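Chemist: Okay, so here is my_file13.txt, and as you'll see once you scroll down, it has compact mmCIF, C-alpha atoms (C1' of nucleotides).
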```txt
# COMPACT_ATOMS: atom_id res chain seq x y z
CA MET A 1 0.00 0.00 0.00
CA ARG A 2 1.14 3.51 -0.83
CA GLU A 3 0.97 6.74 1.14
CA GLY A 4 -1.71 8.98 -0.32
CA ASP A 5 -3.76 6.14 -1.83
CA ALA A 6 -7.40 5.74 -0.89
CA ALA A 7 -7.61 3.70 2.29
CA PRO A 8 -10.56 1.30 2.05
CA TYR A 9 -8.94 -1.52 3.99
CA VAL A 10 -7.59 -2.47 7.37
CA PHE A 11 -5.16 -5.39 7.63
CA ASN A 12 -4.14 -7.87 10.25
CA ILE A 13 -0.92 -9.73 9.56
CA THR A 14 -1.13 -13.51 9.62
CA THR A 15 2.39 -14.56 8.66
CA GLY A 16 5.58 -12.87 7.45
CA SER A 17 6.89 -9.37 8.04
CA LEU A 18 6.31 -5.90 6.60
CA ARG A 19 8.09 -2.58 6.55
CA VAL A 20 6.18 0.66 7.06
CA TYR A 21 7.77 3.83 5.75
CA LYS A 22 7.46 7.41 4.60
CA LEU A 23 9.23 9.06 1.68
CA LEU A 24 10.48 12.54 0.84
CA PRO A 25 9.93 13.82 -2.71
CA ASP A 26 13.59 13.19 -3.59
CA GLY A 27 13.42 9.57 -2.51
CA ARG A 28 14.85 9.69 0.98
CA ARG A 29 13.09 7.01 3.00
CA GLN A 30 12.40 6.62 6.69
CA ILE A 31 11.11 3.26 7.85
CA THR A 32 8.88 3.96 10.84
CA GLY A 33 8.45 0.38 11.89
CA PHE A 34 8.49 -3.31 11.09
CA LEU A 35 5.33 -5.37 11.50
CA PHE A 36 5.00 -9.07 12.27
CA ALA A 37 2.27 -11.66 12.72
CA GLY A 38 -0.61 -10.31 14.80
CA ASP A 39 0.04 -6.63 14.10
CA PHE A 40 -2.63 -4.34 12.65
CA LEU A 41 -2.08 -2.03 9.71
CA GLY A 42 -4.02 0.87 8.26
CA LEU A 43 -6.03 1.79 11.31
CA ALA A 44 -5.37 5.51 11.09
CA VAL A 45 -8.21 7.90 10.53
CA GLY A 46 -8.72 9.74 7.29
CA GLU A 47 -9.56 8.90 3.72
CA SER A 48 -6.07 7.92 2.62
CA TYR A 49 -3.08 6.13 4.06
CA VAL A 50 -0.48 8.35 5.73
CA PHE A 51 2.38 5.96 5.06
CA SER A 52 3.41 3.16 2.72
CA ALA A 53 3.92 -0.50 3.52
CA GLU A 54 5.53 -3.47 1.75
CA ALA A 55 6.12 -7.11 2.55
CA MET A 56 9.76 -7.99 3.20
CA GLU A 57 9.19 -11.69 2.60
CA PRO A 58 6.26 -13.82 1.45
CA SER A 59 3.51 -12.84 3.87
CA THR A 60 -0.20 -13.28 4.37
CA VAL A 61 -2.64 -10.77 5.80
CA CYS A 62 -6.30 -10.75 6.74
CA ARG A 63 -8.06 -7.89 4.97
CA PHE A 64 -11.14 -6.04 6.26
CA ARG A 65 -13.15 -3.34 4.59
CA LYS A 66 -12.83 -0.25 6.70
CA GLY A 67 -16.54 0.52 7.04
CA PRO A 68 -17.61 -2.85 8.43
CA PHE A 69 -14.46 -3.00 10.52
CA ARG A 70 -15.22 0.37 12.11
CA ALA A 71 -18.78 -0.73 12.77
CA LEU A 72 -17.51 -3.91 14.37
CA VAL A 73 -15.14 -1.94 16.57
CA ALA A 74 -17.81 0.57 17.55
CA HIS A 75 -20.11 -2.25 18.70
CA SER A 76 -17.41 -4.12 20.58
CA PRO A 77 -15.98 -2.17 23.50
CA PRO A 78 -13.42 -4.91 24.27
CA LEU A 79 -12.12 -4.70 20.70
CA GLU A 80 -11.94 -0.93 20.75
CA HIS A 81 -10.12 -1.16 24.07
CA LEU A 82 -7.65 -3.61 22.56
CA LEU A 83 -6.98 -1.29 19.66
CA LEU A 84 -6.52 1.69 21.94
CA ASP A 85 -4.10 -0.28 24.07
CA ARG A 86 -2.08 -1.40 21.07
CA THR A 87 -1.99 2.09 19.68
CA TYR A 88 -0.63 3.44 22.97
CA ARG A 89 2.13 0.87 22.85
CA GLU A 90 2.90 1.86 19.28
CA LEU A 91 3.02 5.49 20.34
CA ALA A 92 5.43 4.69 23.18
CA ALA A 93 7.61 2.78 20.72
CA ALA A 94 7.52 5.76 18.38
CA GLN A 95 8.74 8.02 21.17
CA ASN A 96 11.61 5.67 21.87
CA GLN A 97 12.46 5.75 18.19
CA MET A 98 12.45 9.55 18.23
CA LEU A 99 14.96 9.45 21.08
CA LEU A 100 17.05 7.04 19.04
CA LEU A 101 16.91 9.09 15.84
CA GLY A 102 17.44 12.43 17.49
CA ARG A 103 20.06 11.68 20.10
CA LYS A 104 21.83 8.34 19.72
CA THR A 105 25.06 7.55 17.87
CA ALA A 106 25.28 4.93 15.15
CA ILE A 107 26.43 2.14 17.45
CA GLU A 108 23.84 3.06 20.07
CA ARG A 109 21.12 2.91 17.41
CA MET A 110 22.20 -0.51 16.24
CA ALA A 111 22.43 -1.84 19.79
CA SER A 112 18.94 -0.52 20.58
CA PHE A 113 17.62 -2.06 17.40
CA LEU A 114 18.95 -5.51 18.21
CA PHE A 115 17.18 -5.45 21.56
CA GLU A 116 13.76 -4.80 20.15
CA LEU A 117 13.94 -7.77 17.83
CA PRO A 118 12.63 -11.10 19.06
CA GLY A 119 15.42 -13.39 20.29
CA TYR A 120 16.35 -11.70 23.50
CA ASP A 121 15.15 -13.30 26.74
CA PRO A 122 14.68 -10.71 29.52
CA ALA A 123 14.62 -13.52 32.08
CA ARG A 124 18.22 -14.38 31.23
CA PRO A 125 19.87 -11.03 30.61
CA SER A 126 23.34 -12.37 30.03
CA ALA A 127 22.50 -15.40 27.87
CA PRO A 128 23.44 -15.06 24.19
CA GLY A 129 20.45 -14.82 21.89
CA GLN A 130 19.94 -15.54 18.23
CA VAL A 131 18.18 -12.97 16.11
CA ARG A 132 16.62 -13.38 12.70
CA LEU A 133 16.93 -10.39 10.37
CA PRO A 134 14.21 -10.67 7.72
CA MET A 135 15.12 -7.19 6.49
CA LYS A 136 18.07 -6.16 4.35
CA ARG A 137 20.86 -3.77 5.37
CA GLY A 138 19.18 -0.96 3.47
CA ASP A 139 16.01 -1.45 5.51
CA ILE A 140 17.92 -1.35 8.77
CA ALA A 141 19.69 1.81 7.61
CA ASP A 142 16.44 3.54 6.71
CA TYR A 143 14.95 2.48 10.03
CA LEU A 144 17.86 3.82 12.08
CA GLY A 145 18.41 7.00 10.10
CA LEU A 146 21.80 5.84 8.78
CA THR A 147 23.30 4.66 5.48
CA VAL A 148 23.94 1.04 4.50
CA GLU A 149 27.66 1.65 4.72
CA THR A 150 27.42 2.86 8.29
CA VAL A 151 25.21 -0.10 9.24
CA SER A 152 27.76 -2.45 7.77
CA ARG A 153 30.64 -0.73 9.51
CA VAL A 154 28.90 -0.69 12.88
CA LEU A 155 28.11 -4.39 12.64
CA THR A 156 31.75 -5.06 11.85
CA ARG A 157 32.86 -2.99 14.83
CA MET A 158 30.49 -4.92 17.09
CA LYS A 159 31.80 -8.18 15.69
CA VAL A 160 35.40 -7.16 16.30
CA LYS A 161 34.53 -6.16 19.87
CA GLY A 162 33.03 -9.59 20.43
CA LEU A 163 29.57 -8.19 21.13
CA ILE A 164 27.93 -10.14 18.34
CA SER A 165 28.64 -12.72 15.67
CA ILE A 166 27.10 -12.97 12.23
CA PRO A 167 26.73 -16.53 10.90
CA SER A 168 24.95 -15.27 7.78
CA PRO A 169 23.68 -11.88 6.60
CA ASN A 170 20.20 -12.67 7.92
CA GLU A 171 21.20 -14.22 11.20
CA LEU A 172 22.90 -12.59 14.13
CA ILE A 173 23.95 -13.82 17.54
CA VAL A 174 24.16 -11.46 20.47
CA GLU A 175 27.17 -12.74 22.42
CA ARG A 176 27.33 -10.11 25.16
CA PRO A 177 23.78 -8.86 25.79
CA GLU A 178 24.70 -6.97 28.95
CA ARG A 179 27.42 -4.96 27.21
CA LEU A 180 25.22 -4.40 24.19
CA ARG A 181 22.52 -3.03 26.47
CA GLN A 182 24.99 -0.54 27.91
CA HIS A 183 25.72 0.63 24.39
CA ALA A 184 22.00 0.96 23.67
CA LEU A 185 21.63 3.33 26.62
CA GLY A 186 24.73 5.33 25.76
CA GLU A 187 26.55 4.24 28.92
CA VAL A 188 29.86 3.54 27.22
CA MET B 1 5.89 14.55 35.81
CA ARG B 2 8.89 12.26 35.45
CA GLU B 3 9.45 9.16 33.37
CA GLY B 4 9.39 6.11 35.60
CA ASP B 5 7.25 7.68 38.33
CA ALA B 6 4.00 6.04 39.34
CA ALA B 7 1.26 7.18 37.00
CA PRO B 8 -1.93 7.76 38.99
CA TYR B 9 -3.17 10.71 36.96
CA VAL B 10 -4.33 11.70 33.52
CA PHE B 11 -4.23 15.37 32.55
CA ASN B 12 -6.04 17.62 30.14
CA ILE B 13 -4.39 20.95 29.45
CA THR B 14 -6.50 24.02 30.05
CA THR B 15 -4.06 26.85 29.33
CA GLY B 16 -0.35 27.25 28.56
CA SER B 17 2.06 24.86 26.91
CA LEU B 18 4.12 21.81 27.91
CA ARG B 19 7.12 19.94 26.60
CA VAL B 20 7.15 16.12 26.62
CA TYR B 21 10.55 14.43 26.52
CA LYS B 22 12.70 11.41 27.15
CA LEU B 23 16.22 11.33 28.58
CA LEU B 24 19.28 9.13 28.18
CA PRO B 25 21.28 8.29 31.32
CA ASP B 26 23.98 10.81 30.39
CA GLY B 27 21.49 13.64 30.07
CA ARG B 28 20.87 13.75 26.34
CA ARG B 29 17.28 14.84 25.84
CA GLN B 30 14.80 14.30 23.05
CA ILE B 31 11.60 16.32 23.17
CA THR B 32 8.91 14.16 21.57
CA GLY B 33 6.28 16.84 21.42
CA PHE B 34 4.82 20.10 22.61
CA LEU B 35 1.32 20.15 24.08
CA PHE B 36 -1.16 23.01 24.12
CA ALA B 37 -4.64 23.75 25.46
CA GLY B 38 -7.01 20.83 24.88
CA ASP B 39 -4.34 18.14 24.62
CA PHE B 40 -4.36 15.05 26.82
CA LEU B 41 -1.34 13.81 28.75
CA GLY B 42 -0.53 10.57 30.54
CA LEU B 43 -2.97 8.31 28.73
CA ALA B 44 -0.49 5.54 28.06
CA VAL B 45 -1.03 2.14 29.57
CA GLY B 46 1.13 0.78 32.36
CA GLU B 47 1.85 1.59 35.96
CA SER B 48 4.35 4.35 35.37
CA TYR B 49 4.85 7.19 32.91
CA VAL B 50 7.00 6.39 29.90
CA PHE B 51 8.14 9.98 29.41
CA SER B 52 8.58 13.21 31.35
CA ALA B 53 6.69 16.47 30.95
CA GLU B 54 7.18 20.05 32.11
CA ALA B 55 5.35 23.32 31.66
CA MET B 56 7.17 25.84 29.47
CA GLU B 57 5.18 28.77 30.81
CA PRO B 58 2.58 29.25 33.53
CA SER B 59 -0.05 26.67 32.64
CA THR B 60 -3.15 25.07 34.08
CA VAL B 61 -4.31 21.49 33.67
CA CYS B 62 -7.34 19.46 34.64
CA ARG B 63 -6.25 16.41 36.61
CA PHE B 64 -8.13 13.06 36.71
CA ARG B 65 -7.35 10.00 38.75
CA LYS B 66 -6.56 7.24 36.32
CA GLY B 67 -8.95 4.62 37.75
CA PRO B 68 -12.13 6.70 37.55
CA PHE B 69 -10.99 8.14 34.23
CA ARG B 70 -10.56 4.68 32.73
CA ALA B 71 -13.94 3.66 34.07
CA LEU B 72 -15.48 6.77 32.55
CA VAL B 73 -13.86 6.00 29.21
CA ALA B 74 -14.93 2.37 29.31
CA HIS B 75 -18.56 3.41 29.83
CA SER B 76 -18.54 6.08 27.21
CA PRO B 77 -17.96 4.75 23.70
CA PRO B 78 -17.94 8.26 22.21
CA LEU B 79 -15.18 9.28 24.60
CA GLU B 80 -13.13 6.20 23.89
CA HIS B 81 -13.61 6.83 20.21
CA LEU B 82 -12.38 10.38 20.66
CA LEU B 83 -9.29 9.20 22.49
CA LEU B 84 -8.56 6.57 19.86
CA ASP B 85 -8.91 9.16 17.14
CA ARG B 86 -6.57 11.58 18.89
CA THR B 87 -4.05 8.89 19.53
CA TYR B 88 -4.00 7.95 15.83
CA ARG B 89 -3.31 11.56 14.99
CA GLU B 90 -0.53 11.65 17.53
CA LEU B 91 0.91 8.48 16.02
CA ALA B 92 0.81 9.97 12.54
CA ALA B 93 2.58 13.07 13.88
CA ALA B 94 5.19 10.84 15.50
CA GLN B 95 5.83 9.13 12.16
CA ASN B 96 6.34 12.49 10.51
CA GLN B 97 8.77 13.40 13.25
CA MET B 98 10.68 10.15 12.67
CA LEU B 99 11.03 11.11 9.00
CA LEU B 100 12.28 14.52 10.11
CA LEU B 101 14.78 13.17 12.63
CA GLY B 102 16.04 10.35 10.47
CA ARG B 103 16.27 11.95 7.05
CA LYS B 104 16.02 15.74 7.01
CA THR B 105 18.80 18.31 7.13
CA ALA B 106 18.96 21.04 9.75
CA ILE B 107 17.26 23.67 7.61
CA GLU B 108 14.59 21.21 6.49
CA ARG B 109 13.88 20.34 10.12
CA MET B 110 13.50 23.96 11.10
CA ALA B 111 11.25 24.71 8.12
CA SER B 112 9.06 21.70 8.96
CA PHE B 113 8.88 22.80 12.56
CA LEU B 114 7.72 26.30 11.70
CA PHE B 115 4.85 24.86 9.67
CA GLU B 116 3.43 22.79 12.45
CA LEU B 117 3.17 25.76 14.79
CA PRO B 118 -0.05 27.76 14.84
CA GLY B 119 0.20 30.94 12.77
CA TYR B 120 0.13 29.53 9.29
CA ASP B 121 -3.08 29.85 7.30
CA PRO B 122 -3.47 27.01 4.78
CA ALA B 123 -6.17 29.01 3.01
CA ARG B 124 -3.62 31.67 2.11
CA PRO B 125 -0.45 29.73 1.38
CA SER B 126 1.63 32.72 0.35
CA ALA B 127 0.56 35.15 3.08
CA PRO B 128 3.19 35.87 5.74
CA GLY B 129 2.31 34.49 9.16
CA GLN B 130 3.38 35.38 12.63
CA VAL B 131 4.43 32.58 14.96
CA ARG B 132 4.75 32.62 18.74
CA LEU B 133 7.62 30.56 20.16
CA PRO B 134 6.84 29.77 23.80
CA MET B 135 9.84 27.44 23.91
CA LYS B 136 13.49 28.37 24.18
CA ARG B 137 16.18 27.59 21.59
CA GLY B 138 17.33 24.63 23.63
CA ASP B 139 13.84 23.14 23.50
CA ILE B 140 13.67 23.57 19.74
CA ALA B 141 17.09 21.95 19.42
CA ASP B 142 16.08 18.95 21.52
CA TYR B 143 12.86 18.63 19.54
CA LEU B 144 14.61 18.69 16.16
CA GLY B 145 17.59 16.54 17.15
CA LEU B 146 20.04 19.43 16.80
CA THR B 147 22.10 21.67 19.10
CA VAL B 148 21.25 25.22 20.17
CA GLU B 149 24.09 26.53 18.06
CA THR B 150 22.79 24.87 14.92
CA VAL B 151 19.27 26.13 15.60
CA SER B 152 20.63 29.64 15.95
CA ARG B 153 22.71 29.36 12.80
CA VAL B 154 19.82 27.98 10.75
CA LEU B 155 17.52 30.77 11.87
CA THR B 156 20.19 33.27 10.87
CA ARG B 157 20.55 31.63 7.47
CA MET B 158 16.79 31.78 6.97
CA LYS B 159 16.78 35.42 7.99
CA VAL B 160 19.57 36.27 5.56
CA LYS B 161 17.70 34.48 2.78
CA GLY B 162 14.63 36.57 3.54
CA LEU B 163 12.51 33.54 4.39
CA ILE B 164 11.73 34.77 7.89
CA SER B 165 12.26 37.69 10.22
CA ILE B 166 12.71 37.63 13.98
CA PRO B 167 11.31 40.65 15.81
CA SER B 168 12.21 39.11 19.18
CA PRO B 169 13.58 35.74 20.31
CA ASN B 170 10.04 34.49 21.00
CA GLU B 171 8.38 35.86 17.90
CA LEU B 172 8.98 34.92 14.33
CA ILE B 173 7.43 36.01 11.06
CA VAL B 174 7.34 33.69 8.08
CA GLU B 175 7.90 36.01 5.12
CA ARG B 176 7.98 33.46 2.30
CA PRO B 177 5.77 30.53 3.31
CA GLU B 178 5.84 28.91 -0.12
CA ARG B 179 9.64 28.84 -0.26
CA LEU B 180 9.82 27.67 3.33
CA ARG B 181 7.49 24.82 2.49
CA GLN B 182 9.78 23.73 -0.32
CA HIS B 183 12.60 23.60 2.20
CA ALA B 184 10.46 21.55 4.58
CA LEU B 185 9.96 18.92 1.87
CA GLY B 186 13.61 18.93 0.82
CA GLU B 187 12.81 20.30 -2.63
CA VAL B 188 15.63 22.82 -2.66
C1' DC C 1 29.28 -18.04 -17.70
C1' DG C 2 27.31 -13.35 -17.19
C1' DG C 3 24.67 -10.09 -14.68
C1' DA C 4 22.11 -8.21 -10.90
C1' DC C 5 21.81 -7.60 -6.16
C1' DC C 6 23.78 -7.50 -1.69
C1' DG C 7 27.21 -6.68 1.64
C1' DT C 8 31.76 -4.95 2.90
C1' DT C 9 35.68 -1.89 2.96
C1' DG C 10 38.57 2.30 1.90
C1' DA C 11 39.40 7.26 1.15
C1' DA C 12 37.80 11.74 1.08
C1' DA C 13 34.19 15.31 1.84
C1' DG C 14 30.94 17.62 4.48
C1' DG C 15 27.32 18.82 7.76
C1' DT C 16 26.73 19.23 12.38
C1' DG C 17 28.78 19.09 17.06
C1' DT C 18 32.00 20.94 20.40
C1' DC C 19 34.32 24.50 22.60
C1' DA C 20 34.89 29.20 23.47
C1' DA C 21 33.91 34.04 23.46
C1' DG C 22 31.00 38.00 22.85
C1' DT C 23 26.37 40.42 22.95
C1' DT C 24 21.86 41.43 24.61
C1' DG C 25 18.14 41.80 27.84
C1' DC C 26 16.48 41.81 32.37
C1' DG C 27 15.89 41.33 37.30
C1' DT C 28 18.36 42.32 41.53
C1' DG C 29 20.61 45.02 44.75
C1' DG C 30 23.60 48.69 46.11
C1' DC D 1 19.49 55.16 38.86
C1' DC D 2 23.08 52.44 37.67
C1' DA D 3 26.25 48.43 38.37
C1' DC D 4 26.12 43.75 38.52
C1' DG D 5 25.10 38.93 37.61
C1' DC D 6 22.86 35.68 35.05
C1' DA D 7 20.52 33.35 31.40
C1' DA D 8 19.55 33.25 26.64
C1' DC D 9 21.15 33.87 22.18
C1' DT D 10 24.57 34.42 18.61
C1' DT D 11 28.89 33.83 16.23
C1' DG D 12 33.49 31.86 15.10
C1' DA D 13 37.04 28.23 14.71
C1' DC D 14 37.93 23.66 14.72
C1' DA D 15 36.99 18.59 15.32
C1' DC D 16 34.70 14.53 14.27
C1' DC D 17 31.22 11.28 13.04
C1' DT D 18 28.68 10.02 9.33
C1' DT D 19 27.96 10.43 4.46
C1' DT D 20 29.46 10.21 -0.17
C1' DC D 21 31.85 8.12 -3.82
C1' DA D 22 34.17 4.18 -5.42
C1' DA D 23 35.75 -0.46 -5.77
C1' DC D 24 35.61 -5.37 -4.77
C1' DG D 25 33.97 -10.09 -3.53
C1' DG D 26 30.09 -13.28 -2.90
C1' DT D 27 25.76 -15.43 -4.06
C1' DC D 28 21.95 -16.48 -6.71
C1' DC D 29 19.94 -17.44 -11.03
C1' DG D 30 18.91 -17.10 -15.86
```
Take the structure in this file and express it as structure tokens.

Modeler:
Amino acid sequence: MREGDAAPYVFNITTGSLRVYKLLPDGRRQITGFLFAGDFLGLAVGESYVFSAEAMEPSTVCRFRKGPFRALVAHSPPLEHLLLDRTYRELAAAQNQMLLLGRKTAIERMASFLFELPGYDPARPSAPGQVRLPMKRGDIADYLGLTVETVSRVLTRMKVKGLISIPSPNELIVERPERLRQHALGEV
Amino acid sequence: MREGDAAPYVFNITTGSLRVYKLLPDGRRQITGFLFAGDFLGLAVGESYVFSAEAMEPSTVCRFRKGPFRALVAHSPPLEHLLLDRTYRELAAAQNQMLLLGRKTAIERMASFLFELPGYDPARPSAPGQVRLPMKRGDIADYLGLTVETVSRVLTRMKVKGLISIPSPNELIVERPERLRQHALGEV
DNA sequence: CGGACCGTTGAAAGGTGTCAAGTTGCGTGG
DNA sequence: CCACGCAACTTGACACCTTTCAACGGTCCG
């Protein structure tokens, strides 16, 4: 779906992963978030979408027409409550991302990014965790407000420091979660 | 209110203006938004606030205890709908801010900022508009992901170009809205 | 085998940050 | 009434992190 297009549908993701982004006229892209199974898409008010979205891998979604969906929500307080709750979480995540984009260095951004991906177990803060990266380097760069080159260089630096290892371009192992977390908070 | 504190209240702003922000441990600050009369504050889920907020000038708010407020919302579908709608708008604004912080240059950020302040009349796109700046340079800098020095330099550059004029530090006149808008979109 | 895409690495350029100093405006107190 | 101190703002010089530009190797696939 494209920013500016008429917005007749709401989607719920069944499988796969999507990137949500906004563009400037000259092509500069900012990815505002990645979506995975269970996430909703296209809820915003208004007649047209305010952002674009694309699948990053083969994905399936459940599509609702907006009118009936709105009616359903309006008649189901629990559902509306669920949506409100999810939207608050999304807003809190957006604020964290603003902090990242406005005030963190490249390595701090990457460290923060790795912690929000599934694969980290908060119950075992120092246990290494494996992370799947369904997105390409360019997607990570446009999500973190960097260039692909910088993303690549930062990953190399982390590898050299022993913070992570990279078995393949789409897999990453966090070797030292506690030190990576310090980086994410700018405490190094 | 401070990030991390217990969150027993929800606020609605009556008069004045507030800044909402997040901090890194070393003191770096990112202002995620400015709030004005009519805006809600502290709606997010959870036991504690996920950001801090301060008044920028003498302000008054209407304070609700969270429990009763939630109950009120739950029993009033129109109210919940209103909150959901506002939150979507806030989320859309946050996505625009991510684009700004991740991909725009200093002058583009400042131009974008000036357009989201009250004082611009969309019905007369080329008419000069006066803008009140209740926040200090440091607040603008922390909102745009810049430093005070860069904010000051960009304003000077805009002044030299004839895009704006600055009668006093807290007042600003947009002289060439159409050219400023081009800057905001990176079309220069 | 050739080509497209992706990721990595190097060298140089540049925009913004850092550090420092100077100016202005204003409230306070002598 | 004026000197003083302070905070906010501006300006300059320089440093540095990230970007830009370029080249190279690897993988997949026609």

Chemist: List the neighbours of DA12 (chain C) out to 12 Å using all atoms listed in the file; skip same-chain residues closer than 3 positions along the sequence, and give me the result as a count of residues only.

Modeler: 4

Chemist: Which of these residues is nearest to chain B, using only C-alpha atoms (C1' of nucleotides): C:DA11, C:DG27, C:DC5, C:DC19?

Modeler: C:DC19

Chemist: Could you tell me how far CA of Pro118 (chain B) lies from CA of Ala55 (chain B), in Å and to one decimal?

Modeler: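 We find that CA of Pro118 (chain B) and CA of Ala55 (chain B) lie 18.2 Å from each other.
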
Chemist: Find the residues of chain B in contact range of chain D, meaning any atom within 10 Å when counting all atoms listed in the file, and list them as a list in words.

Modeler: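 Interface list for chain B against chain D: Lys136, Arg137, Gly138, Val148, Glu149, Ser152, Arg153, Thr156 and Pro169 of chain B.
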
Chemist: In Å to one decimal, how far is CA of Asp85 (chain A) from CA of Phe64 (chain A)?

Modeler: 20.0 Å

Chemist: Hey, list the chain C side of the contact with chain B: 10 Å cut-off, all atoms listed in the file, answer as an MDAnalysis selection string.

Modeler: chainID C and resid 15:18

Chemist: Hey, which of A:Ala123, A:Leu155, A:Leu117, A:Val10 ends up closest to Val61 (chain A)? Count all atoms listed in the file.

Modeler: A:Val10

Chemist: Write out as a PyMOL selection string the residues lying within 12 Å of Arg179 (chain A), counting only C-alpha atoms (C1' of nucleotides) and excluding same-chain residues fewer than 6 positions away.

Modeler: chain A and resi 108+111-112+115+125-128+158+161-164+185-188

Chemist: How would the residues just chosen look if you wrote them out with C-alpha atoms as a PDB file, in the coordinates of the input?

Modeler:
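Contents of selection-v1.pdb, freshly written:
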```
ATOM      1  CA  GLU A 108      23.840   3.060  20.070  1.00  0.00           C
ATOM      2  CA  ALA A 111      22.430  -1.840  19.790  1.00  0.00           C
ATOM      3  CA  SER A 112      18.940  -0.520  20.580  1.00  0.00           C
ATOM      4  CA  PHE A 115      17.180  -5.450  21.560  1.00  0.00           C
ATOM      5  CA  PRO A 125      19.870 -11.030  30.610  1.00  0.00           C
ATOM      6  CA  SER A 126      23.340 -12.370  30.030  1.00  0.00           C
ATOM      7  CA  ALA A 127      22.500 -15.400  27.870  1.00  0.00           C
ATOM      8  CA  PRO A 128      23.440 -15.060  24.190  1.00  0.00           C
ATOM      9  CA  MET A 158      30.490  -4.920  17.090  1.00  0.00           C
ATOM     10  CA  LYS A 161      34.530  -6.160  19.870  1.00  0.00           C
ATOM     11  CA  GLY A 162      33.030  -9.590  20.430  1.00  0.00           C
ATOM     12  CA  LEU A 163      29.570  -8.190  21.130  1.00  0.00           C
ATOM     13  CA  ILE A 164      27.930 -10.140  18.340  1.00  0.00           C
ATOM     14  CA  LEU A 185      21.630   3.330  26.620  1.00  0.00           C
ATOM     15  CA  GLY A 186      24.730   5.330  25.760  1.00  0.00           C
ATOM     16  CA  GLU A 187      26.550   4.240  28.920  1.00  0.00           C
ATOM     17  CA  VAL A 188      29.860   3.540  27.220  1.00  0.00           C
TER      18      VAL A 188
END
```

Chemist: Using all atoms listed in the file, select each residue of chain B with any atom at most 8 Å away from an atom of chain A, and give the selection as a ChimeraX atom specification.

Modeler: /B:22-26,28-32,43-45,50,74,77,80-81,84-85,87-92,94-99,101-103,142-146,185-187

Chemist: Centre and edge lengths of an axis-aligned box around all listed atoms of region 74-85 of chain A, with 5 Å added on each side, are to be given in Å to one decimal, as JSON.

Modeler:
```
{"center_x": -12.1, "center_y": -1.6, "center_z": 20.9, "size_x": 26.0, "size_y": 16.6, "size_z": 16.7}
```

Chemist: Pull the neighbourhood of (4.1, 0.4, 2.2) for me: all residues within 6 Å in file coordinates, counting only C-alpha atoms (C1' of nucleotides), as a ChimeraX atom specification.

Modeler: /A:1-2,20,52-54

Chemist: Tell me, as a PDB file with C-alpha atoms, keeping the file's coordinate frame, which residues lie within 6 Å of region 11-13 of chain A, counting all atoms listed in the file; anything in the same chain fewer than 2 positions away does not count.

Modeler:
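The resulting file, part27.pdb, is shown below:
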```
ATOM      1  CA  THR A  15       2.390 -14.560   8.660  1.00  0.00           C
ATOM      2  CA  ALA A  37       2.270 -11.660  12.720  1.00  0.00           C
ATOM      3  CA  GLY A  38      -0.610 -10.310  14.800  1.00  0.00           C
ATOM      4  CA  ASP A  39       0.040  -6.630  14.100  1.00  0.00           C
ATOM      5  CA  PHE A  40      -2.630  -4.340  12.650  1.00  0.00           C
ATOM      6  CA  LEU A  41      -2.080  -2.030   9.710  1.00  0.00           C
ATOM      7  CA  VAL A  61      -2.640 -10.770   5.800  1.00  0.00           C
ATOM      8  CA  CYS A  62      -6.300 -10.750   6.740  1.00  0.00           C
ATOM      9  CA  ARG A  63      -8.060  -7.890   4.970  1.00  0.00           C
TER      10      ARG A  63
END
```

Chemist: CA of Arg132 (chain B) to CA of Lys159 (chain B): how many Å, to one decimal?

Modeler: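 The value is 16.4 Å.
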